[in-house]
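Everything on this sheet refers to the single structure shown next.
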Amino acid sequence: MTSNSSPVLYAIQYSEFDIKKGACVYYETMKTNFSEDQKFHWIRNFVCPEPNLQNKLIVLSIENQKLLGCPVIISDGEKYKNNRNEFRFNACFIIPSQADALKYEVAVRKLAKYLRTLEVDSCFLTDESLKKQFLKPALDEIVRQINENGEQCSVKMYSSVFVNLKLLEQRAEPPPVASSDVPMFCNNIDLSDLEQMDPMTQRVIASIDGLRHVNKISQDTDTELALVKAAMQNLIYHNVIRLVPIFSYKNRYIVTPKIQELYADVNLQKELVFFVVRNGAKDCVSFYECFRMICAFDHGSLVKDVVNKMKANNIDEKKLVQYCALKGYLRRVRDYRISLDESIYMNNNTETSNGNAEEVEAAKSKLKKTLRDLCDGTNDSDSLACQGYIFNPRSIPTARKPTQQPTAPMDSYLTLWK
């Protein structure tokens, strides 16, 4: 942490409930806006509250600081007979007001759990000598380590008890998963982590090979499509997989500026060569051959044209294309079909008899059943293929299933590449 940057954690404030004084601050690693002699009396009933708020996350803000706490109440008529038969305490984190409280929640709850266990087992908090000897330096060390060691700490609290805390890494919400998306692993999976996953996720992971799309995985695992998509989103959130387009020799790709990273990084080059070598190849693959093949995708070249041009027998073109799409070295140029039948756009203005908003939404949800409806410029060829429609190079649509409704004439579609 630099001297000019704000600390991740300003301070830890430990408070207790006293039968004579009420809620009061026993120790604070540094003075904050919530100190007892300043504004603590405004929030004291929330720091050590009534039983209905115990074990709940408490978030309070004063000026540019925010307090997070998890009140703990230990009931024991014999042990705390001189203190209304219970003991109340709260170890609160003081953080910047603009910080996300969810990032600290697990650490706050975990610290409260540690302190509760120490109190129940060893009277750690009610024994004044133990509290003075161990608690104060431990809280100071927690703040110091979290601010210096990248938002985590491992501190000896008492005897052989160590407190291990880590602030949660905030990640963006995973993107929606389409039926035509192909999942690929971007990190190795630990076997111990795999054993802890639910059976459905384990089945899904076993079907990921970098070539099968989500709809195909749903069929192969006999799992509902919605559940497979939810599992995929969870794996994306935990940075286990990423999504790439379906592989086809008719796909078009172009090189992205990110190719410069591959050209300059020897480790990335070794990883590429190791990944794309064809199974059973007798000769080694050089980076020059791989890089030359990647750069051949100019102006949206077709995969089959590049393969025929390069004739690299030791390179698995499927692995090469999918790997480069995963890393961002190649970008898929997608084709979107647009129907020239104006009726599908007129249908979007359909009104129900009584104008009820729910009925309007229900009517809209029934649209996009025919090929004409699907070809509105929002569905690419992969999405149409997953729903049973394919197009030949002359943009003549064909229904894969005989039960599909008749398609529009061949001259009523435009193709948009982007």
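Simple scheme: letters A, B, ... for chains in structure tokens order, numbers from 1 for residues in each chain, numbers from 1 for ligands in the order shown.
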Close residues, stretch 100-102 of chain A itself excluded, 10 Å, only C-alpha atoms, min 5 positions apart in chain, as a list of chain:residue names: A:Leu57, A:Ile58, A:Val59, A:Lys66, A:Leu67, A:Leu68, A:Phe93, A:Ile95, A:Ala107, A:Leu167, A:Leu168, A:Glu169, A:Gln170
Would you write out those residues with all heavy atoms, as a compact mmCIF listing (two decimals), in the first residue's frame?
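Output (result14.txt):
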```txt
# COMPACT_ATOMS: atom_id res chain seq x y z
N LEU A 57 -25.36 -8.96 9.59
CA LEU A 57 -24.36 -7.97 9.17
C LEU A 57 -24.92 -6.57 9.39
O LEU A 57 -25.97 -6.22 8.84
CB LEU A 57 -23.99 -8.17 7.71
CG LEU A 57 -22.85 -7.27 7.21
CD1 LEU A 57 -21.53 -7.65 7.85
CD2 LEU A 57 -22.73 -7.34 5.68
N ILE A 58 -24.23 -5.78 10.19
CA ILE A 58 -24.62 -4.40 10.48
C ILE A 58 -23.72 -3.46 9.68
O ILE A 58 -22.50 -3.56 9.76
CB ILE A 58 -24.49 -4.09 11.99
CG1 ILE A 58 -25.26 -5.11 12.82
CG2 ILE A 58 -24.95 -2.67 12.29
CD1 ILE A 58 -26.74 -5.12 12.60
N VAL A 59 -24.33 -2.56 8.90
CA VAL A 59 -23.57 -1.60 8.10
C VAL A 59 -24.05 -0.19 8.44
O VAL A 59 -25.23 0.12 8.26
CB VAL A 59 -23.72 -1.86 6.59
CG1 VAL A 59 -22.88 -0.87 5.79
CG2 VAL A 59 -23.34 -3.29 6.24
N LYS A 66 -17.25 3.84 6.98
CA LYS A 66 -18.34 2.88 7.08
C LYS A 66 -17.97 1.81 8.10
O LYS A 66 -16.82 1.35 8.14
CB LYS A 66 -18.61 2.25 5.72
CG LYS A 66 -19.84 1.36 5.64
CD LYS A 66 -19.95 0.71 4.26
CE LYS A 66 -20.18 1.73 3.19
NZ LYS A 66 -20.37 1.10 1.85
N LEU A 67 -18.94 1.45 8.95
CA LEU A 67 -18.72 0.42 9.97
C LEU A 67 -19.46 -0.84 9.58
O LEU A 67 -20.64 -0.80 9.22
CB LEU A 67 -19.19 0.93 11.34
CG LEU A 67 -19.11 -0.04 12.52
CD1 LEU A 67 -18.72 0.70 13.80
CD2 LEU A 67 -20.43 -0.78 12.74
N LEU A 68 -18.75 -1.99 9.67
CA LEU A 68 -19.35 -3.29 9.42
C LEU A 68 -19.13 -4.16 10.65
O LEU A 68 -18.00 -4.30 11.12
CB LEU A 68 -18.71 -3.99 8.22
CG LEU A 68 -19.17 -3.60 6.82
CD1 LEU A 68 -18.50 -2.29 6.40
CD2 LEU A 68 -18.79 -4.67 5.83
N PHE A 93 -15.33 -3.77 11.54
CA PHE A 93 -14.36 -3.24 10.59
C PHE A 93 -14.78 -1.81 10.24
O PHE A 93 -15.95 -1.55 9.95
CB PHE A 93 -14.32 -4.08 9.31
CG PHE A 93 -13.52 -5.34 9.41
CD1 PHE A 93 -13.31 -5.95 10.64
CD2 PHE A 93 -12.98 -5.93 8.28
CE1 PHE A 93 -12.58 -7.13 10.74
CE2 PHE A 93 -12.25 -7.09 8.36
CZ PHE A 93 -12.04 -7.70 9.59
N ILE A 95 -14.14 0.88 7.38
CA ILE A 95 -13.64 0.88 6.01
C ILE A 95 -14.02 2.19 5.32
O ILE A 95 -14.84 2.95 5.84
CB ILE A 95 -14.21 -0.32 5.22
CG1 ILE A 95 -15.72 -0.18 5.09
CG2 ILE A 95 -13.83 -1.63 5.89
CD1 ILE A 95 -16.37 -1.25 4.21
N ALA A 107 -15.05 -11.87 6.00
CA ALA A 107 -13.99 -11.65 7.00
C ALA A 107 -14.57 -11.20 8.34
O ALA A 107 -14.13 -11.65 9.40
CB ALA A 107 -13.00 -10.62 6.47
N LEU A 167 -10.27 -10.87 2.25
CA LEU A 167 -11.38 -10.11 1.68
C LEU A 167 -11.76 -10.72 0.34
O LEU A 167 -10.90 -11.17 -0.42
CB LEU A 167 -10.99 -8.64 1.50
CG LEU A 167 -10.45 -7.93 2.74
CD1 LEU A 167 -10.25 -6.45 2.44
CD2 LEU A 167 -11.36 -8.11 3.93
N LEU A 168 -13.05 -10.77 0.07
CA LEU A 168 -13.53 -11.38 -1.16
C LEU A 168 -13.16 -10.54 -2.36
O LEU A 168 -13.26 -9.31 -2.33
CB LEU A 168 -15.05 -11.56 -1.12
CG LEU A 168 -15.60 -12.66 -0.22
CD1 LEU A 168 -17.12 -12.66 -0.31
CD2 LEU A 168 -15.06 -14.02 -0.63
N GLU A 169 -12.73 -11.20 -3.42
CA GLU A 169 -12.48 -10.52 -4.68
C GLU A 169 -13.80 -10.28 -5.39
O GLU A 169 -14.54 -11.22 -5.67
CB GLU A 169 -11.56 -11.38 -5.56
CG GLU A 169 -11.27 -10.76 -6.91
CD GLU A 169 -10.48 -11.70 -7.81
OE1 GLU A 169 -10.09 -12.78 -7.33
OE2 GLU A 169 -10.28 -11.34 -8.98
N GLN A 170 -14.09 -9.02 -5.68
CA GLN A 170 -15.34 -8.68 -6.35
C GLN A 170 -15.19 -8.88 -7.86
O GLN A 170 -14.32 -8.29 -8.50
CB GLN A 170 -15.72 -7.23 -6.04
CG GLN A 170 -16.03 -7.01 -4.56
CD GLN A 170 -17.17 -7.89 -4.08
OE1 GLN A 170 -18.29 -7.76 -4.54
NE2 GLN A 170 -16.89 -8.77 -3.13
```
Give the helix (DSSP H, G or I) residues of stretch 172-333 of chain A, as assigned by DSSP on the backbone, as JSON, numbers by chain. {"A": [191, 192, 193, 194, 195, 196, 199, 200, 201, 202, 203, 204, 205, 206, 214, 215, 216, 217, 218, 219, 220, 221, 225, 226, 227, 228, 229, 230, 231, 232, 233, 234, 235, 236, 237, 259, 260, 261, 262, 263, 264, 266, 267, 268, 269, 270, 271, 272, 273, 274, 275, 276, 287, 288, 289, 290, 291, 292, 293, 294, 295, 303, 304, 305, 306, 307, 308, 309, 310, 317, 318, 319, 320, 321, 322, 323, 324, 325, 326, 327]}
For A:Ile94, which of A:Arg372, A:Arg332, A:Lys31, A:Arg242 is the closest residue, counting only C-alpha atoms?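 For A:Ile94, the nearest of the given residues is A:Lys31.
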Write out as a count of residues only all residues of stretch 220-323 of chain A that backbone DSSP assigns to strand (DSSP E or B). 12
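For the set A:Val306, A:Val285, A:Met157, A:Met197, the residue with the smallest atom-to-atom gap to A:Pro137 is A:Met157, counting only C-alpha atoms.
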Which of A:Ala23, A:Val333, A:Cys290, A:Ala99 sits closest to A:Leu9 [using only C-alpha atoms]: A:Ala99
So that I can see what lies close to A:Lys79, please list as a VMD selection string the residues with an atom at most 12 Å from it, counting only C-alpha atoms and leaving out residues fewer than 5 positions away in the same chain. chain A and resid 74 84 to 87 119 to 123 126 to 127
For stretch 245-260 of chain A: contacts at 6 Å, only C-alpha atoms, fewer than 2 positions along chain excluded, given as a PDB file with N, CA, C and O atoms, in the first residue's frame:
```pdb
ATOM      1  N   ASP A 181     -23.050 -21.301 -27.380  1.00  0.00           N
ATOM      2  CA  ASP A 181     -21.717 -21.032 -26.841  1.00  0.00           C
ATOM      3  C   ASP A 181     -20.985 -22.337 -26.541  1.00  0.00           C
ATOM      4  O   ASP A 181     -21.599 -23.326 -26.120  1.00  0.00           O
ATOM      5  N   VAL A 182     -19.669 -22.318 -26.739  1.00  0.00           N
ATOM      6  CA  VAL A 182     -18.824 -23.481 -26.460  1.00  0.00           C
ATOM      7  C   VAL A 182     -17.941 -23.164 -25.256  1.00  0.00           C
ATOM      8  O   VAL A 182     -17.152 -22.221 -25.311  1.00  0.00           O
ATOM      9  N   LEU A 262       1.251 -12.325 -27.997  1.00  0.00           N
ATOM     10  CA  LEU A 262       1.767 -13.655 -28.323  1.00  0.00           C
ATOM     11  C   LEU A 262       3.136 -13.550 -28.980  1.00  0.00           C
ATOM     12  O   LEU A 262       4.043 -14.340 -28.680  1.00  0.00           O
ATOM     13  N   TYR A 263       3.319 -12.588 -29.846  1.00  0.00           N
ATOM     14  CA  TYR A 263       4.589 -12.431 -30.562  1.00  0.00           C
ATOM     15  C   TYR A 263       5.732 -12.050 -29.620  1.00  0.00           C
ATOM     16  O   TYR A 263       6.888 -12.416 -29.849  1.00  0.00           O
ATOM     17  N   PHE A 297      -5.370 -15.586 -41.224  1.00  0.00           N
ATOM     18  CA  PHE A 297      -6.785 -15.206 -41.101  1.00  0.00           C
ATOM     19  C   PHE A 297      -6.912 -13.693 -41.300  1.00  0.00           C
ATOM     20  O   PHE A 297      -7.080 -12.929 -40.354  1.00  0.00           O
ATOM     21  N   ASP A 298      -6.831 -13.262 -42.525  1.00  0.00           N
ATOM     22  CA  ASP A 298      -6.958 -11.839 -42.825  1.00  0.00           C
ATOM     23  C   ASP A 298      -8.265 -11.578 -43.566  1.00  0.00           C
ATOM     24  O   ASP A 298      -8.709 -12.391 -44.373  1.00  0.00           O
ATOM     25  N   GLY A 300     -11.269 -11.746 -42.622  1.00  0.00           N
ATOM     26  CA  GLY A 300     -12.336 -12.707 -42.370  1.00  0.00           C
ATOM     27  C   GLY A 300     -12.232 -13.965 -43.190  1.00  0.00           C
ATOM     28  O   GLY A 300     -13.223 -14.442 -43.761  1.00  0.00           O
ATOM     29  N   SER A 301     -11.040 -14.542 -43.261  1.00  0.00           N
ATOM     30  CA  SER A 301     -10.833 -15.747 -44.064  1.00  0.00           C
ATOM     31  C   SER A 301     -11.583 -16.932 -43.468  1.00  0.00           C
ATOM     32  O   SER A 301     -11.728 -17.055 -42.254  1.00  0.00           O
ATOM     33  N   LEU A 302     -12.047 -17.830 -44.344  1.00  0.00           N
ATOM     34  CA  LEU A 302     -12.689 -19.058 -43.903  1.00  0.00           C
ATOM     35  C   LEU A 302     -11.636 -20.015 -43.358  1.00  0.00           C
ATOM     36  O   LEU A 302     -10.497 -20.059 -43.843  1.00  0.00           O
ATOM     37  N   VAL A 303     -12.012 -20.803 -42.354  1.00  0.00           N
ATOM     38  CA  VAL A 303     -11.083 -21.757 -41.759  1.00  0.00           C
ATOM     39  C   VAL A 303     -10.610 -22.751 -42.812  1.00  0.00           C
ATOM     40  O   VAL A 303      -9.417 -23.072 -42.902  1.00  0.00           O
ATOM     41  N   LYS A 304     -11.537 -23.250 -43.636  1.00  0.00           N
ATOM     42  CA  LYS A 304     -11.161 -24.273 -44.625  1.00  0.00           C
ATOM     43  C   LYS A 304     -10.174 -23.721 -45.646  1.00  0.00           C
ATOM     44  O   LYS A 304      -9.277 -24.445 -46.104  1.00  0.00           O
ATOM     45  N   TYR A 329      -6.717 -13.963 -29.617  1.00  0.00           N
ATOM     46  CA  TYR A 329      -5.854 -13.684 -30.764  1.00  0.00           C
ATOM     47  C   TYR A 329      -6.656 -13.653 -32.063  1.00  0.00           C
ATOM     48  O   TYR A 329      -6.270 -12.961 -33.007  1.00  0.00           O
ATOM     49  N   LEU A 330      -7.743 -14.413 -32.117  1.00  0.00           N
ATOM     50  CA  LEU A 330      -8.643 -14.420 -33.260  1.00  0.00           C
ATOM     51  C   LEU A 330     -10.042 -14.015 -32.815  1.00  0.00           C
ATOM     52  O   LEU A 330     -10.461 -14.362 -31.708  1.00  0.00           O
ATOM     53  N   ARG A 331     -10.751 -13.301 -33.683  1.00  0.00           N
ATOM     54  CA  ARG A 331     -12.136 -12.922 -33.396  1.00  0.00           C
ATOM     55  C   ARG A 331     -13.040 -13.484 -34.480  1.00  0.00           C
ATOM     56  O   ARG A 331     -12.756 -13.351 -35.665  1.00  0.00           O
ATOM     57  N   ARG A 332     -14.099 -14.120 -34.049  1.00  0.00           N
ATOM     58  CA  ARG A 332     -15.061 -14.684 -34.988  1.00  0.00           C
ATOM     59  C   ARG A 332     -15.842 -13.562 -35.665  1.00  0.00           C
ATOM     60  O   ARG A 332     -16.338 -12.644 -35.004  1.00  0.00           O
ATOM     61  N   VAL A 333     -15.929 -13.622 -36.973  1.00  0.00           N
ATOM     62  CA  VAL A 333     -16.786 -12.703 -37.728  1.00  0.00           C
ATOM     63  C   VAL A 333     -18.120 -13.415 -37.906  1.00  0.00           C
ATOM     64  O   VAL A 333     -18.231 -14.371 -38.664  1.00  0.00           O
TER      65      VAL A 333
END
```
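With only C-alpha atoms as the atoms that count, the minimum distance from A:Ile73 to the choices A:Cys48, A:Val214, A:Leu272, A:Val25 is reached by A:Cys48.
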Neighbour list for A:Asn313 as a list in words, cut-off 9 Å, only C-alpha atoms, skip fewer than 3 positions in-chain: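 In the requested format, the answer is Arg278, Ala281, Met310 and Asp316 of chain A.
Minimum atom-to-atom distances from A:Cys324, A:Val266, A:Ile315, A:Cys153 to A:Cys284 were compared using only C-alpha atoms, and the lowest value belongs to A:Ile315.
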Could you state the separation of atom CA of A:Asn314 and atom CA of A:Val276 in Å, given to one decimal place?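 One can read the atom CA of A:Asn314 to atom CA of A:Val276 distance as 8.7 Å.
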Near-A:Asp335 list (6 Å; only C-alpha atoms; drop same-chain fewer than 4 positions) as a count of residues only: 3
